[in-house]
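Shown here: final.cif, mmCIF, C-alpha atoms.
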data_target
#
loop_
_atom_site.label_atom_id
_atom_site.label_comp_id
_atom_site.auth_asym_id
_atom_site.auth_seq_id
_atom_site.Cartn_x
_atom_site.Cartn_y
_atom_site.Cartn_z
CA MET A 1 -40.44 -1.60 1.15
CA GLN A 2 -37.05 -0.65 -0.36
CA VAL A 3 -37.23 2.77 1.30
CA ILE A 4 -37.88 1.15 4.69
CA ARG A 5 -34.84 -1.14 4.27
CA LEU A 6 -32.59 1.76 3.33
CA GLN A 7 -33.89 3.80 6.25
CA ALA A 8 -33.18 0.88 8.59
CA ILE A 9 -29.67 0.62 7.18
CA ASP A 10 -29.16 4.36 7.70
CA GLU A 11 -30.24 4.00 11.32
CA ILE A 12 -28.44 0.76 12.22
CA VAL A 13 -25.09 1.02 10.46
CA PRO A 14 -23.88 4.25 12.15
CA THR A 15 -24.64 2.72 15.55
CA LEU A 16 -22.72 -0.42 14.65
CA LEU A 17 -19.79 1.58 13.31
CA HIS A 18 -19.63 3.54 16.54
CA ALA A 19 -19.73 0.27 18.52
CA LEU A 20 -16.65 -0.94 16.58
CA GLU A 21 -14.63 1.57 18.57
CA ASP A 22 -15.33 -0.26 21.84
CA ASP A 23 -13.02 -3.21 22.50
CA GLU A 24 -15.73 -4.99 24.51
CA THR A 25 -18.30 -4.92 21.69
CA PHE A 26 -15.92 -5.06 18.69
CA ASP A 27 -16.27 -8.79 17.91
CA THR A 28 -20.04 -8.88 18.30
CA THR A 29 -20.47 -5.67 16.32
CA LEU A 30 -18.19 -6.87 13.54
CA ASP A 31 -20.16 -10.10 13.32
CA GLY A 32 -23.39 -8.08 13.04
CA LEU A 33 -21.93 -5.92 10.27
CA LYS A 34 -20.75 -9.02 8.44
CA GLN A 35 -24.26 -10.50 8.62
CA ILE A 36 -25.84 -7.33 7.28
CA LEU A 37 -23.14 -6.96 4.65
CA SER A 38 -23.59 -10.51 3.38
CA ALA A 39 -27.24 -9.71 2.66
CA ARG A 40 -26.94 -6.10 1.41
CA THR A 41 -23.37 -5.54 0.21
CA SER A 42 -24.09 -2.77 -2.28
CA ALA A 43 -26.19 -0.79 0.20
CA ILE A 44 -23.88 -1.22 3.20
CA LEU A 45 -20.35 -0.79 1.82
CA PRO A 46 -20.79 2.90 0.97
CA HIS A 47 -21.73 3.51 4.63
CA ILE A 48 -19.00 1.38 6.19
CA LEU A 49 -15.94 2.13 4.08
CA PRO A 50 -15.59 5.88 4.69
CA LYS A 51 -15.52 5.25 8.43
CA LEU A 52 -13.02 2.39 8.21
CA VAL A 53 -10.54 3.85 5.71
CA HIS A 54 -10.02 7.23 7.36
CA LEU A 55 -6.29 7.70 7.90
CA PRO A 56 -4.47 6.93 10.06
CA LEU A 57 -5.84 3.41 10.14
CA SER A 58 -5.85 1.81 13.56
CA ALA A 59 -5.34 -1.90 14.16
CA PHE A 60 -9.07 -2.45 14.65
CA HIS A 61 -9.93 -0.60 11.44
CA VAL A 62 -7.52 -2.79 9.51
CA HIS A 63 -8.92 -5.91 11.18
CA ALA A 64 -12.48 -4.85 10.39
CA LEU A 65 -11.59 -4.16 6.75
CA GLY A 66 -10.14 -7.64 6.44
CA ALA A 67 -13.14 -9.33 7.99
CA LEU A 68 -15.59 -7.36 5.88
CA ALA A 69 -13.59 -7.94 2.69
CA LYS A 70 -14.04 -11.69 3.07
CA VAL A 71 -17.82 -11.25 3.23
CA ALA A 72 -18.21 -8.50 0.63
CA CYS A 73 -16.20 -10.19 -2.14
CA PRO A 74 -18.27 -9.30 -5.21
CA GLY A 75 -19.09 -5.82 -3.95
CA LEU A 76 -15.46 -4.83 -3.44
CA ASN A 77 -14.68 -4.31 -7.10
CA ILE A 78 -15.99 -0.77 -7.29
CA HIS A 79 -14.43 0.12 -3.92
CA LEU A 80 -10.83 -0.86 -4.65
CA GLY A 81 -9.85 2.77 -5.08
CA THR A 82 -11.29 3.50 -1.65
CA MET A 83 -9.85 0.51 0.21
CA LEU A 84 -6.38 -0.11 -1.19
CA PRO A 85 -4.72 3.33 -0.96
CA PRO A 86 -5.22 3.65 2.83
CA LEU A 87 -4.09 0.06 3.33
CA LEU A 88 -1.00 0.63 1.19
CA SER A 89 -0.26 3.84 3.06
CA THR A 90 -0.62 2.03 6.38
CA MET A 91 2.00 -0.51 5.32
CA SER A 92 4.57 2.15 6.19
CA ASP A 93 3.06 2.84 9.63
CA GLU A 94 5.47 3.09 12.54
CA ASP A 95 3.62 0.29 14.35
CA LYS A 96 4.96 -2.98 12.91
CA GLU A 97 1.83 -4.89 13.93
CA VAL A 98 -0.43 -2.44 12.08
CA GLN A 99 1.95 -2.62 9.10
CA ALA A 100 1.73 -6.40 8.96
CA SER A 101 -2.05 -6.36 9.36
CA ALA A 102 -2.45 -3.79 6.58
CA LYS A 103 -0.32 -5.91 4.24
CA GLU A 104 -2.35 -9.01 5.06
CA VAL A 105 -5.67 -7.24 4.51
CA ALA A 106 -4.50 -5.65 1.24
CA GLU A 107 -3.59 -9.14 0.02
CA ILE A 108 -7.02 -10.42 1.08
CA VAL A 109 -8.73 -7.59 -0.80
CA VAL A 110 -6.73 -8.27 -3.95
CA LEU A 111 -7.42 -12.01 -3.70
CA VAL A 112 -11.17 -11.79 -3.12
CA ILE A 113 -12.08 -9.35 -5.85
CA ASP A 114 -13.94 -10.69 -8.84
CA GLU A 115 -11.40 -10.46 -11.64
CA LYS A 116 -14.08 -11.00 -14.27
CA ARG A 117 -15.87 -7.85 -13.19
CA CYS A 118 -12.78 -5.71 -12.73
CA GLU A 119 -10.64 -4.31 -15.43
CA VAL A 120 -7.54 -6.46 -15.66
CA THR A 121 -5.34 -3.39 -15.85
CA HIS A 122 -6.77 -2.09 -12.57
CA ILE A 123 -6.07 -5.41 -10.85
CA ARG A 124 -2.53 -5.52 -12.20
CA ALA A 125 -1.91 -1.95 -11.08
CA CYS A 126 -3.09 -2.81 -7.57
CA GLU A 127 -0.94 -5.95 -7.49
CA ARG A 128 2.08 -3.98 -8.75
CA GLN A 129 1.56 -1.30 -6.11
CA LEU A 130 1.15 -3.96 -3.42
CA SER A 131 4.39 -5.66 -4.55
CA GLU A 132 6.30 -2.38 -4.70
CA ASP A 133 5.11 -1.33 -1.23
CA HIS A 134 5.87 -4.78 0.13
CA LEU A 135 9.44 -4.61 -1.22
CA HIS A 136 9.81 -1.08 0.16
CA ILE A 137 8.82 -2.28 3.64
CA LEU A 138 11.28 -5.17 3.56
#
Would you mind writing the file out in structure tokens?
Amino acid sequence: MQVIRLQAIDEIVPTLLHALEDDETFDTTLDGLKQILSARTSAILPHILPKLVHLPLSAFHVHALGALAKVACPGLNIHLGTMLPPLLSTMSDEDKEVQASAKEVAEIVVLVIDEKRCEVTHIRACERQLSEDHLHIL
């Protein structure tokens, strides 16, 4: 049964990720990913994140990361090193709207992580980096 679920995830998630690139299906697709993610965070995040954090981040990638971060709260802890660096890098993007979105999503990610499961030093390092990048942008 577990193998069937993982096979279904392997077949569905790539299709949904591809559909995120279409403005007409973005909202519906993102909602579908959020539904799947809320049920199978640990199985889905490794499939979704590589696609969404590939630099340069577009506005829709940043938006999708923010929406998924709110759903995947407990599962984000082990993915901080994957999510935060591209978001922090995007805070210096030439597009001011993408910059602002990346800052907002990075703050969401830092706020939703489970501090009890993360090493405090890792959280503080992320917060420090976020503060430093934020001051650099201002």
Requested in this report: I would like the residues chosen by the PyMOL selection byres ((chain A and resi 21) around 12) on the shown file; could you give them as a list in words?
Outcome: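 Selection result, ordered by chain and number: Pro14, Thr15, Leu16, Leu17, His18, Ala19, Leu20, Asp22, Asp23, Glu24, Thr25, Phe26, Asp27, Thr28, Thr29, Leu30, Lys51, Leu52, Ser58, Ala59, Phe60, His61, His63 and Ala64 of chain A.
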Query raised in the report: Any chance you could work out the residue set of the PyMOL selection byres ((chain A and resi 38-43) around 8) here, as a VMD selection string?
Result: chain A and resid 6 9 34 to 37 44 to 47 71 to 72 75
Query - Between atom CA of Cys73 of chain A and atom CA of Val112 of chain A - distance in Å to one decimal - result: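 Between atom CA of Val112 of chain A and atom CA of Cys73 of chain A the gap is 5.4 Å.
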Query raised in the report: Can you list what the PyMOL selection byres ((chain A and resi 80-82) around 10) grabs from this structure, as a VMD selection string?
Result: chain A and resid 46 49 to 50 53 to 54 75 to 79 83 to 87 106 109 to 110 113 118 122 to 123 126
Query raised in the report: For Ala67 of chain A, which residue among A:Ile108, A:Ile48, A:Ala8, A:Leu55 is the nearest when counting all atoms listed in the file?
Result: A:Ile108
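If you look at atom CA of Pro56 of chain A and atom CA of Lys70 of chain A, they are 22.1 Å away from each other.
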Query raised in the report: By how many Å are atom CA of Glu107 of chain A and atom CA of Val62 of chain A apart?
Result: 12.1 Å
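Counting all atoms listed in the file, the residue from A:Val105, A:Asp95, A:Leu68, A:Asp10 that sits nearest to Asp31 of chain A is A:Leu68.
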